[in-house]
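Reading through the structure tokens given below for one structure.
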Protein chains: 2
Amino acid sequence: MSIDSAKKTVVFTPSGKRGRFAIGVSLLTCAHALGVDLDSICGGRGICGRCRVGIGEGELAKYGIISTADHLEPVTPPEKLYAAREGLGRGMRLACHARICGDIVVDVPPESQIHRQIVRKRAEARSIDIDPVIRLYFVEVAKPDMASPSGDFERLAEALETQWDIFLGGIDYGVLCTLQDVLREGEWRVTVALWKGSQIVRLWPGFHDVAYGIAIDVGSTTIAAHLCDLASGDVLGSCGLMNPQIRFGEDLMSRVSYAMLNGGGGAELRASVRQGVNGAITSAAAEAGVAAEDILSLSIVGNPVMHHILLGLDSVPLGTAPFALGTASALDLRAGEIGIDSVKTNACIYVLPCIAGHVGADTAAMVLSEGPHLEENICLLIDVGTNAEIVLGNKDRLLAASSPTGPAFEGAQISHGQRAAPGAIERVRIDRQTLEPRFKIIGSDLWSDEAGFARGSAKTGVTGICGSGIIEAVAEMYLAGILSADGVVDGAQGQKTRRIVSRGRTHGFILHEGRITITITQSDVRAIQLAKAALYAGARLLMDKLGVEQVDKIVLAGAFGSTIDARYAMVLGMIPDCDPEAVSSAGNAAGTGAWIALLNQGARAEIEEVVKSIEKIETALEPRFQEHFIAAMAIPHQSAPFARLRKFVDLPAKKTAAVGKPGRRGRTRRV
Amino acid sequence: MSIDSAKKTVVFTPSGKRGRFAIGVSLLTCAHALGVDLDSICGGRGICGRCRVGIGEGELAKYGIISTADHLEPVTPPEKLYAAREGLGRGMRLACHARICGDIVVDVPPESQIHRQIVRKRAEARSIDIDPVIRLYFVEVAKPDMASPSGDFERLAEALETQWDIFLGGIDYGVLCTLQDVLREGEWRVTVALWKGSQIVRLWPGFHDVAYGIAIDVGSTTIAAHLCDLASGDVLGSCGLMNPQIRFGEDLMSRVSYAMLNGGGGAELRASVRQGVNGAITSAAAEAGVAAEDILSLSIVGNPVMHHILLGLDSVPLGTAPFALGTASALDLRAGEIGIDSVKTNACIYVLPCIAGHVGADTAAMVLSEGPHLEENICLLIDVGTNAEIVLGNKDRLLAASSPTGPAFEGAQISHGQRAAPGAIERVRIDRQTLEPRFKIIGSDLWSDEAGFARGSAKTGVTGICGSGIIEAVAEMYLAGILSADGVVDGAQGQKTRRIVSRGRTHGFILHEGRITITITQSDVRAIQLAKAALYAGARLLMDKLGVEQVDKIVLAGAFGSTIDARYAMVLGMIPDCDPEAVSSAGNAAGTGAWIALLNQGARAEIEEVVKSIEKIETALEPRFQEHFIAAMAIPHQSAPFARLRKFVDLPAKKTAAVGKPGRRGRTRRV
């Protein structure tokens with residue numbers, strides 16, 4: 001019998017990696033030798049259960065070997081112990097203890113892979129590999145020995161090197177101060193949390209296998225937090241809190257003004273937003289049933305003003321030209337440095353980079369989430385808030401700008417406008433003949449002309465109209481002939497409906513009469529025209545810069561972007577010409593980007609690199625922005641693709657003539 | 001005229017570096033091109049004056065060129081301005097503005113060299129190059145520009161790169177939070193303090209050219225601090241404060257016991273020593289007339305117990321075998337992390353490495369100061385305190401141990417013992433015939449039998465006897481025949497002098513009668529015998545390990561080491577046989593080592609490397625230590641080189657026979 005015949009073939013699926021190993025070698029050893037992505041926290045001691053594998057029986061056809069459970073030595077006591085304690089699953093083995101005695105096909109289930117992939121719900125969104133910046137390692141540390149004296153820390157470093165091939169860079173000072181006690185409490189067995197594979201940031205006596213992270217999007221209106229298990233990526237708790245800064249002003253610039261006009265205003269704003277972030281963390285942790293002190297890693301995004309206020313930088317320079325950021329770089333911080341005291345003071349914070357004075361870390365996060373830099377297609381990403389942040393391009397070139405839409409899309413500056421909240425009108429239809437409107441409010445599934453609407457909405461009543469509602473109202477008014485292409489409410493329509501009301505020489509349209517009467521006034525229409533023209537002009541300016549006449553895909557991000565109906569946005573001429581099928585809503589893309597940066601450290605380097613390469617366009621410096629803006633005031637804009645929209649919205653035939661042909665699909669691109 | 005003839009020869013002294021440069025080139029440019037060590041903080045703007053140079057006239061003979069002040073273009077307005085403001089010195093020029101127009105010899109004075117050398121007072125001590133871990137750089141930062149938006153921090157980083165070739169690694173978060181204001185206050189000109197050439201740790205508007213550092217030795221008894229100018233190395237202020245921990249016990253182990261027996265004792269001890277360190281910093285800063293917040297860099301040493309207590313580590317494990325350190329590694333910390341609040345919270349602290357559980361960072365600092373690892377000769381370094389730390393070896397091999405001398409050398413456990421302080425007897429002579437003693441006390445230059453002694457010492461009186469005094473007293477008692485070689489006070493001598501007193505079966509010798517009567521009792525002699533035997537046995541054990549019979553040089557460090565007379569130490573058999581000329585006192589070598597690590601960052605890497613290579617010997621584990629200890633109890637030890645000592649101390653002829661021959665000078669060394 002040759003020596004080689006004592007070896008057996010081991011094949012791992014799904015990777016297909018294979019090799020021949022001596023009888024008695026553990027599957028974990030085989031996996032490491034072959035570079036198979038198989039997890040372990042305890043380093044093969046049968047404690048963590050992360051290396052669970054299944055036996056791929058009857059795989060003869062594919063791999064040319066017969067594999068059966070008998071080709072492993074019998075289940076070992078540690079595996080029985082683990083199975084009794086945690087449950088192991090039928091036919092599953094711990095790779096660290098299962099030793100081969102015959103040819104075998106081993107199935108590594110997704111949950112046993114270190115770098116398992118998260119499949120996102122949105123089919124078009126990129127998938128994410130789990131590779132968090134913090135990972136746990138269980139080690140057995142040598143006891144002190146007088147004969148060869150060395151420090152507890154040095155013996156821990158040595159254990160990491162010999163047991164995990166890790167060369168320790170350092171240890172947080174506060175953790176070092178607990179090291180002696182923890183080592184003795186754990187009887188010289190401890191679990192360490194390593195940041196970037198190098199720095200010890202947490203320490204537990206004995207075996208510990210949970211580490212949490214939280215992704216936070218600090219918006220002007222809402223602070224959203226998602227708490228995840230860092231090993232699985234699973235979101236265990238979420239929280240969306242009103243930003244307590246709201247009391248200093250709805251929009252960002254009023255908050256910057258507050259800081260500017262009130263000596264200590266900056267400190268007040270800072271304390272307020274930090275209180276909000278701490279509240280969001282605490283709530284998300286409570287929902288997840290997790291102690292906030294077990295949160296080791298935070299990833300934070302926000303617009304430039306929120307970013308600066310939260311971090312304790314001066315936001316005042318952002319309020320006036322040249323809109324200089326204190327720093328645009330991504331930051332690695334500790335919670336204590338920025339007053340995040342709901343978690344431990346040394347919890348590791350990553351703040352995504354900002355792009356420019358008006359284009360913040362939230363936009364960078366949107367880019368990370370949507371990945372235009374990975375695409376061949378020309379993508380237009382729009383996050384509509386008080387300003388609209390716009391990113392255009394593909395893998396070859398990306399441009400970004402902020403367009404001053406003002407807060408009309410958020411319901412501000414609109415007679416009965418309000419934020420999207422229960423009771424707000426969000427959908428509007430107007431009968432082309434009778435001009436009778438019907439609508440839906442947030443919190444009710446019924447249209448206002450359906451039976452039961454009054455009862456269904458009794459809790460809130462009709463409280464106002466939010467951004468998506470006002471957009472549909474204006475578009476429908478136009479489609480129904482109540483509004484001219486240049487945005488004038490036609491008083492003559494008063495002959496057809498009592499809903500036309502006049503104030504001086506201008507007119508309005510009553511959408512709803514009730515406890516509150518909701519009227520779309522001429523000035524509401526003007527506010528929407530200004531906002532949508534600014535948005536369109538910004539996108540158009542970037543298209544000019546990129547040298548394209550049309551975009552391949554549009555992603556609308558943010559709370560507002562999720563609620564607006566893309567068809568109406570195109571009817572109004574808010575967004576450029578695009579196949580309506582290629583317009584999607586990304587929800588809170590900024591929050592998603594923060595979540596990606598939380599779970600994948602490579603994504604951090606990626607977005608830092610991408611942000612550096614993005615060309616920043618300052619609309620205020622571009623004469624063409626003004627030209628586009630003026631041209632975009634009309635409804636619909638001349639290039640709007642009405643022909644294609646026809647299948648979505650009921651367009652009166654007479655309007656069609658007024659609509660230009662879709663722009664020629666072509667682009668020239670600088671490389 | 002050839003192109004080359006338009007170039008002129010420039011020679012820099014003392015380096016002798018030379019080159020040919022075009023007419024009109026500045027001397028600073030020439031220096032940089034030639035790699036001449038010429039300082040500059042302002043980057044050639046004529047502000048800092050660090051590049052002052054002199055013209056070496058008439059250097060024809062040595063360099064073969066005629067050099068005159070006329071070979072430089074006339075003094076420029078910035079130089080005149082600097083001369084008027086700061087003074088420039090006769091014939092001195094600013095190299096950044098002085099441009100060549102003829103062959104010239106340029107003299108770079110020591111104060112204009114970046115890496116100038118400090119010459120130490122002790123001829124045998126190594127010299128130190130100034131190369132502190134923190135250096136200052138003046139930069140002009142681009143103003144923000146809307147057309148190419150970037151953050152203030154990114155523009156500062158760019159300025160450092162273009163103006164100083166420095167690739168910035170990071171910025172302390174607290175400093176980042178001040179960056180926007182400081183840049184605007186300084187009108188986009190700022191001075192940055194860079195740690196390790198990479199991390200911004202301080203920032204000033206405009207030009208700033210002072211940075212201070214402080215070296216601190218945290219001893220059990222005294223906390224010593226030396227405040228230096230980081231650029232010149234000059235000590236501007238010093239302070240030696242009593243360690244306030246003294247109230248928890250004189251010696252280290254009683255403090256460890258306090259921590260062990262009192263739950264919160266560790267915290268009390270920590271607060272106490274931190275208060276002491278802060279007090280020493282504040283005092284040294286006051287003496288130097290420097291604001292403590294201008295101290296950017298601290299270097300700290302201490303014995304293992306002080307090290308652990310100050311740093312907030314648990315000192316209790318140091319009190320019992322296996323004497324495990326929390327960490328032995330050198331540490332880079334920030335002041336705020338360890339409660340040093342007399343300086344700014346981000347002041348950079350370097351803590352030297354410890355060697356073993358009983359051999360601390362103070363011993364490492366002693367090694368750095370005395371440099372045995374650089375020598376061919378076998379050096380024996382001894383720091384005597386409560387324990388004696390002993391280092392033996394040379395560039396090939398170093399050994400270290402701690403020997404349990406107990407606190408007798410510090411005056412504890414001695415009937416009238418006290419710490420070295422005014423009023424303490426420090427020198428003793430006993431007449432060989434009359435047995436009449438005479439002595440000197442600290443604070444008086446007169447011997448006790450000289451006229452005016454009583455008046456001169458009236459302020460304190462004779463208060464007790466300190467370590468060096470007790471050593472001389474015991475040695476003189478032996479030399480005068482009052483003490484036998486095995487340490488018994490000879491009651492029969494009472495026939496010659498009324499100074500012999502008896503208590504039961506033991507006797508004592510009255511050294512002084514006055515307000516306090518000072519007697520050397522039999523138990524005092526035993527305490528000194530035990531202490532000196534432990535010290536000798538430790539040194540001897542290391543000599544065995546190294547395989548040498550004799551050492552080439554002995555350095556006695558520490559307060560006690562500075563005051564003892566090496567001759568008497570050898571009479572007693574405290575230290576091994578050595579040419580008395582080769583025995584020196586290093587003063588506070590630990591403090592000097594801290595000062596070296598403060599001023600030269602290379603010294604930090606050096607001592608970390610050396611400490612790793614030192615072989616640690618645990619005396620408690622060595623049977624031979626006990627043998628040496630017992631053998632060393634007698635006075636004098638058999639190998640003591642009495643023959644050579646004869647020229648120093650007056651030895652009665654009859655004693656000489658009892659003394660063995662000096663050990664054979666030879667060694668075998670492992671390489």
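Scheme for the structure tokens: letters A, B, ... for chains in order shown; per-chain residue numbers from 1; ligand numbers from 1 in order shown.
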
Practice task
With a distance threshold of 6 Å and counting only C-alpha atoms, extract the residues of chain A near chain B and express them as a list in words.
Solution key: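 The contacting residues on chain A are Pro144, Asp145, Met146, Pro149, Gly151, Asp152, Phe153, Cys177, Gln180, Leu313, Pro322, Ala324, Leu325, Gly326, Thr327, Ala328 and Ala356 of chain A.
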
Residues just named, written with N, CA, C and O atoms as a PDB file, in the first residue's frame:
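Final file, part.pdb:
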```pdb
ATOM      1  N   PRO A 144       1.009  32.929  33.673  1.00  0.00           N
ATOM      2  CA  PRO A 144       2.319  33.535  33.931  1.00  0.00           C
ATOM      3  C   PRO A 144       3.270  32.512  34.526  1.00  0.00           C
ATOM      4  O   PRO A 144       2.856  31.625  35.273  1.00  0.00           O
ATOM      5  N   ASP A 145       4.545  32.662  34.185  1.00  0.00           N
ATOM      6  CA  ASP A 145       5.549  31.703  34.616  1.00  0.00           C
ATOM      7  C   ASP A 145       6.770  32.495  35.064  1.00  0.00           C
ATOM      8  O   ASP A 145       7.377  33.208  34.278  1.00  0.00           O
ATOM      9  N   MET A 146       7.094  32.351  36.350  1.00  0.00           N
ATOM     10  CA  MET A 146       8.216  33.089  36.907  1.00  0.00           C
ATOM     11  C   MET A 146       9.493  32.831  36.149  1.00  0.00           C
ATOM     12  O   MET A 146      10.343  33.705  36.044  1.00  0.00           O
ATOM     13  N   PRO A 149       9.503  35.346  32.729  1.00  0.00           N
ATOM     14  CA  PRO A 149       8.522  36.379  33.032  1.00  0.00           C
ATOM     15  C   PRO A 149       8.090  37.150  31.783  1.00  0.00           C
ATOM     16  O   PRO A 149       8.905  37.485  30.938  1.00  0.00           O
ATOM     17  N   GLY A 151       4.460  39.837  30.446  1.00  0.00           N
ATOM     18  CA  GLY A 151       3.210  40.449  30.874  1.00  0.00           C
ATOM     19  C   GLY A 151       2.004  39.687  30.367  1.00  0.00           C
ATOM     20  O   GLY A 151       2.079  38.938  29.381  1.00  0.00           O
ATOM     21  N   ASP A 152       0.880  39.865  31.040  1.00  0.00           N
ATOM     22  CA  ASP A 152      -0.366  39.243  30.594  1.00  0.00           C
ATOM     23  C   ASP A 152      -0.669  39.625  29.145  1.00  0.00           C
ATOM     24  O   ASP A 152      -1.074  38.789  28.331  1.00  0.00           O
ATOM     25  N   PHE A 153      -0.479  40.901  28.833  1.00  0.00           N
ATOM     26  CA  PHE A 153      -0.768  41.368  27.481  1.00  0.00           C
ATOM     27  C   PHE A 153       0.120  40.673  26.459  1.00  0.00           C
ATOM     28  O   PHE A 153      -0.346  40.260  25.383  1.00  0.00           O
ATOM     29  N   CYS A 177      -6.695  47.870  30.803  1.00  0.00           N
ATOM     30  CA  CYS A 177      -6.875  48.007  32.258  1.00  0.00           C
ATOM     31  C   CYS A 177      -7.770  46.902  32.832  1.00  0.00           C
ATOM     32  O   CYS A 177      -7.777  46.682  34.035  1.00  0.00           O
ATOM     33  N   GLN A 180      -6.091  42.035  33.140  1.00  0.00           N
ATOM     34  CA  GLN A 180      -5.636  41.141  34.214  1.00  0.00           C
ATOM     35  C   GLN A 180      -6.815  40.415  34.861  1.00  0.00           C
ATOM     36  O   GLN A 180      -6.799  39.206  35.053  1.00  0.00           O
ATOM     37  N   LEU A 313     -18.124  69.651  14.657  1.00  0.00           N
ATOM     38  CA  LEU A 313     -17.459  70.591  13.759  1.00  0.00           C
ATOM     39  C   LEU A 313     -18.368  71.805  13.581  1.00  0.00           C
ATOM     40  O   LEU A 313     -19.553  71.769  13.903  1.00  0.00           O
ATOM     41  N   PRO A 322     -17.732  79.924   0.484  1.00  0.00           N
ATOM     42  CA  PRO A 322     -17.646  78.808  -0.474  1.00  0.00           C
ATOM     43  C   PRO A 322     -18.078  77.445   0.096  1.00  0.00           C
ATOM     44  O   PRO A 322     -17.689  76.431  -0.459  1.00  0.00           O
ATOM     45  N   ALA A 324     -17.416  75.601   2.751  1.00  0.00           N
ATOM     46  CA  ALA A 324     -16.272  74.711   3.036  1.00  0.00           C
ATOM     47  C   ALA A 324     -16.590  73.740   4.162  1.00  0.00           C
ATOM     48  O   ALA A 324     -16.993  74.131   5.251  1.00  0.00           O
ATOM     49  N   LEU A 325     -16.354  72.458   3.896  1.00  0.00           N
ATOM     50  CA  LEU A 325     -16.441  71.429   4.928  1.00  0.00           C
ATOM     51  C   LEU A 325     -15.234  71.528   5.859  1.00  0.00           C
ATOM     52  O   LEU A 325     -14.145  71.904   5.416  1.00  0.00           O
ATOM     53  N   GLY A 326     -15.444  71.181   7.120  1.00  0.00           N
ATOM     54  CA  GLY A 326     -14.297  71.060   8.025  1.00  0.00           C
ATOM     55  C   GLY A 326     -13.418  69.898   7.583  1.00  0.00           C
ATOM     56  O   GLY A 326     -12.206  70.009   7.470  1.00  0.00           O
ATOM     57  N   THR A 327     -14.057  68.766   7.317  1.00  0.00           N
ATOM     58  CA  THR A 327     -13.346  67.661   6.678  1.00  0.00           C
ATOM     59  C   THR A 327     -14.326  66.888   5.813  1.00  0.00           C
ATOM     60  O   THR A 327     -15.510  66.789   6.137  1.00  0.00           O
ATOM     61  N   ALA A 328     -13.824  66.375   4.702  1.00  0.00           N
ATOM     62  CA  ALA A 328     -14.634  65.555   3.810  1.00  0.00           C
ATOM     63  C   ALA A 328     -14.273  64.084   3.994  1.00  0.00           C
ATOM     64  O   ALA A 328     -14.995  63.207   3.530  1.00  0.00           O
ATOM     65  N   ALA A 356     -19.050  66.896  -0.912  1.00  0.00           N
ATOM     66  CA  ALA A 356     -18.803  68.337  -1.039  1.00  0.00           C
ATOM     67  C   ALA A 356     -19.661  69.051  -0.001  1.00  0.00           C
ATOM     68  O   ALA A 356     -20.396  68.412   0.758  1.00  0.00           O
TER      69      ALA A 356
END
```

Practice task
For Arg515 (chain A), please output as a VMD selection string all residues within 9 Å (counting only C-alpha atoms; exclusion window: fewer than 2 positions along the same chain).
Solution key: chain A and resid 461 to 463 513 517

Practice task
List every residue of region 68-288 of chain A that DSSP, applied to the backbone of this structure, assigns to strand (DSSP E), and report them as an MDAnalysis selection string.
Solution key: chainID A and resid 92:94 104:107 117:118 128:129 134:140 170:171 189:195 199:205 212:218 222:229 235:242

Practice task
Using only C-alpha atoms, determine which residues lie at most 12 Å from Thr405 (chain B), disregarding the query and same-chain residues fewer than 5 positions distant; provide the list as a PyMOL selection string.
Solution key: chain B and resi 251+382-390+410+412-413+527-539+574+619+629

Handout entry: Near-region 109-120 of chain A list (9 Å; only C-alpha atoms; drop same-chain fewer than 6 positions) as number ranges by chain
Key = A: 13-14, 36-40, 49-54, 126-131, 231-234

Problem - Polymer residues at most 7 Å from Ala159 (chain B), only C-alpha atoms, same-chain spacing of 2 or more positions, as a count of residues only - result: 9

Exercise for the section: Identify, on the basis of only C-alpha atoms, every residue whose closest approach to Gly206 (chain B) does not exceed 7 Å; exclude the query and any residue fewer than 4 positions from it along the same chain; express the result as a VMD selection string. Expected result: chain B and resid 186 189 to 191

Practice task
State, in Å with one decimal place, the distance from CA of Lys395 (chain B) to CA of Pro304 (chain B).
Solution key: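 Separation of CA of Lys395 (chain B) and CA of Pro304 (chain B): 24.9 Å.
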
Exercise for the section: Calculate how many Å separate CA of Gly481 (chain A) from CA of Ala420 (chain A), rounding to one decimal. Expected result: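 These two atoms are separated by 27.1 Å.
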
Exercise for the section: Would you kindly return, as a list in words, each protein, DNA or RNA residue with an atom no farther than 6 Å from any atom of region 195-205 of chain A, considering only C-alpha atoms and excluding same-chain residues fewer than 6 positions away? Expected result: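 Residues meeting the cut-off are Val133, Ile134, Leu168, Gly169, Gly170, Ile171, Asp172, Val182, Glu185 and Gly186 of chain A.
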
Exercise for the section: Run DSSP on the backbone and give me the residues of region 380-522 of chain A it puts in alpha helix (DSSP H), as a PyMOL selection string. Expected result: chain A and resi 453-456+467-479+522

Those same residues, written as a PDB file, in the first residue's frame with N, CA, C and O atoms?
```
ATOM      1  N   PHE A 453     -64.165  54.987   3.864  1.00  0.00           N
ATOM      2  CA  PHE A 453     -62.987  55.851   3.975  1.00  0.00           C
ATOM      3  C   PHE A 453     -63.043  56.696   5.242  1.00  0.00           C
ATOM      4  O   PHE A 453     -62.070  56.784   5.995  1.00  0.00           O
ATOM      5  N   ALA A 454     -64.236  57.293   5.484  1.00  0.00           N
ATOM      6  CA  ALA A 454     -64.367  58.188   6.640  1.00  0.00           C
ATOM      7  C   ALA A 454     -64.092  57.417   7.931  1.00  0.00           C
ATOM      8  O   ALA A 454     -63.353  57.879   8.812  1.00  0.00           O
ATOM      9  N   ARG A 455     -64.652  56.198   8.003  1.00  0.00           N
ATOM     10  CA  ARG A 455     -64.462  55.403   9.212  1.00  0.00           C
ATOM     11  C   ARG A 455     -62.986  54.979   9.340  1.00  0.00           C
ATOM     12  O   ARG A 455     -62.374  55.084  10.395  1.00  0.00           O
ATOM     13  N   GLY A 456     -62.428  54.544   8.176  1.00  0.00           N
ATOM     14  CA  GLY A 456     -61.041  54.069   8.184  1.00  0.00           C
ATOM     15  C   GLY A 456     -60.034  55.144   8.548  1.00  0.00           C
ATOM     16  O   GLY A 456     -58.970  54.848   9.092  1.00  0.00           O
ATOM     17  N   GLY A 467     -45.565  65.635   0.302  1.00  0.00           N
ATOM     18  CA  GLY A 467     -44.847  65.868  -0.945  1.00  0.00           C
ATOM     19  C   GLY A 467     -45.392  65.086  -2.122  1.00  0.00           C
ATOM     20  O   GLY A 467     -45.661  65.646  -3.189  1.00  0.00           O
ATOM     21  N   SER A 468     -45.578  63.772  -1.920  1.00  0.00           N
ATOM     22  CA  SER A 468     -46.029  62.970  -3.055  1.00  0.00           C
ATOM     23  C   SER A 468     -47.455  63.373  -3.441  1.00  0.00           C
ATOM     24  O   SER A 468     -47.812  63.364  -4.625  1.00  0.00           O
ATOM     25  N   GLY A 469     -48.249  63.759  -2.448  1.00  0.00           N
ATOM     26  CA  GLY A 469     -49.628  64.188  -2.719  1.00  0.00           C
ATOM     27  C   GLY A 469     -49.658  65.472  -3.532  1.00  0.00           C
ATOM     28  O   GLY A 469     -50.413  65.588  -4.508  1.00  0.00           O
ATOM     29  N   ILE A 470     -48.819  66.420  -3.163  1.00  0.00           N
ATOM     30  CA  ILE A 470     -48.860  67.700  -3.870  1.00  0.00           C
ATOM     31  C   ILE A 470     -48.374  67.526  -5.306  1.00  0.00           C
ATOM     32  O   ILE A 470     -48.895  68.146  -6.247  1.00  0.00           O
ATOM     33  N   ILE A 471     -47.412  66.616  -5.499  1.00  0.00           N
ATOM     34  CA  ILE A 471     -46.923  66.360  -6.863  1.00  0.00           C
ATOM     35  C   ILE A 471     -48.041  65.765  -7.717  1.00  0.00           C
ATOM     36  O   ILE A 471     -48.297  66.210  -8.846  1.00  0.00           O
ATOM     37  N   GLU A 472     -48.747  64.793  -7.154  1.00  0.00           N
ATOM     38  CA  GLU A 472     -49.839  64.196  -7.931  1.00  0.00           C
ATOM     39  C   GLU A 472     -50.956  65.200  -8.144  1.00  0.00           C
ATOM     40  O   GLU A 472     -51.571  65.250  -9.218  1.00  0.00           O
ATOM     41  N   ALA A 473     -51.220  66.016  -7.135  1.00  0.00           N
ATOM     42  CA  ALA A 473     -52.285  67.014  -7.263  1.00  0.00           C
ATOM     43  C   ALA A 473     -51.974  67.972  -8.403  1.00  0.00           C
ATOM     44  O   ALA A 473     -52.815  68.219  -9.278  1.00  0.00           O
ATOM     45  N   VAL A 474     -50.755  68.483  -8.438  1.00  0.00           N
ATOM     46  CA  VAL A 474     -50.393  69.452  -9.482  1.00  0.00           C
ATOM     47  C   VAL A 474     -50.408  68.766 -10.852  1.00  0.00           C
ATOM     48  O   VAL A 474     -50.936  69.305 -11.823  1.00  0.00           O
ATOM     49  N   ALA A 475     -49.854  67.548 -10.925  1.00  0.00           N
ATOM     50  CA  ALA A 475     -49.827  66.842 -12.204  1.00  0.00           C
ATOM     51  C   ALA A 475     -51.237  66.537 -12.693  1.00  0.00           C
ATOM     52  O   ALA A 475     -51.563  66.723 -13.877  1.00  0.00           O
ATOM     53  N   GLU A 476     -52.092  66.074 -11.788  1.00  0.00           N
ATOM     54  CA  GLU A 476     -53.472  65.769 -12.165  1.00  0.00           C
ATOM     55  C   GLU A 476     -54.227  67.036 -12.559  1.00  0.00           C
ATOM     56  O   GLU A 476     -55.032  67.022 -13.487  1.00  0.00           O
ATOM     57  N   MET A 477     -53.974  68.128 -11.853  1.00  0.00           N
ATOM     58  CA  MET A 477     -54.621  69.394 -12.223  1.00  0.00           C
ATOM     59  C   MET A 477     -54.247  69.774 -13.650  1.00  0.00           C
ATOM     60  O   MET A 477     -55.064  70.224 -14.435  1.00  0.00           O
ATOM     61  N   TYR A 478     -52.979  69.527 -13.979  1.00  0.00           N
ATOM     62  CA  TYR A 478     -52.518  69.818 -15.330  1.00  0.00           C
ATOM     63  C   TYR A 478     -53.178  68.873 -16.329  1.00  0.00           C
ATOM     64  O   TYR A 478     -53.713  69.291 -17.351  1.00  0.00           O
ATOM     65  N   LEU A 479     -53.190  67.588 -15.988  1.00  0.00           N
ATOM     66  CA  LEU A 479     -53.753  66.592 -16.901  1.00  0.00           C
ATOM     67  C   LEU A 479     -55.249  66.799 -17.080  1.00  0.00           C
ATOM     68  O   LEU A 479     -55.801  66.504 -18.134  1.00  0.00           O
ATOM     69  N   GLN A 522     -52.444  78.909  -6.106  1.00  0.00           N
ATOM     70  CA  GLN A 522     -51.504  79.266  -7.168  1.00  0.00           C
ATOM     71  C   GLN A 522     -50.061  79.280  -6.641  1.00  0.00           C
ATOM     72  O   GLN A 522     -49.146  78.841  -7.314  1.00  0.00           O
TER      73      GLN A 522
END
```

Handout entry: Which residue of B:Arg427, B:Phe560, B:Gly417, B:Val218 approaches Thr521 (chain B) most closely, using only C-alpha atoms
Key =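 Ranking B:Arg427, B:Phe560, B:Gly417, B:Val218 by distance to Thr521 (chain B), first place goes to B:Gly417.
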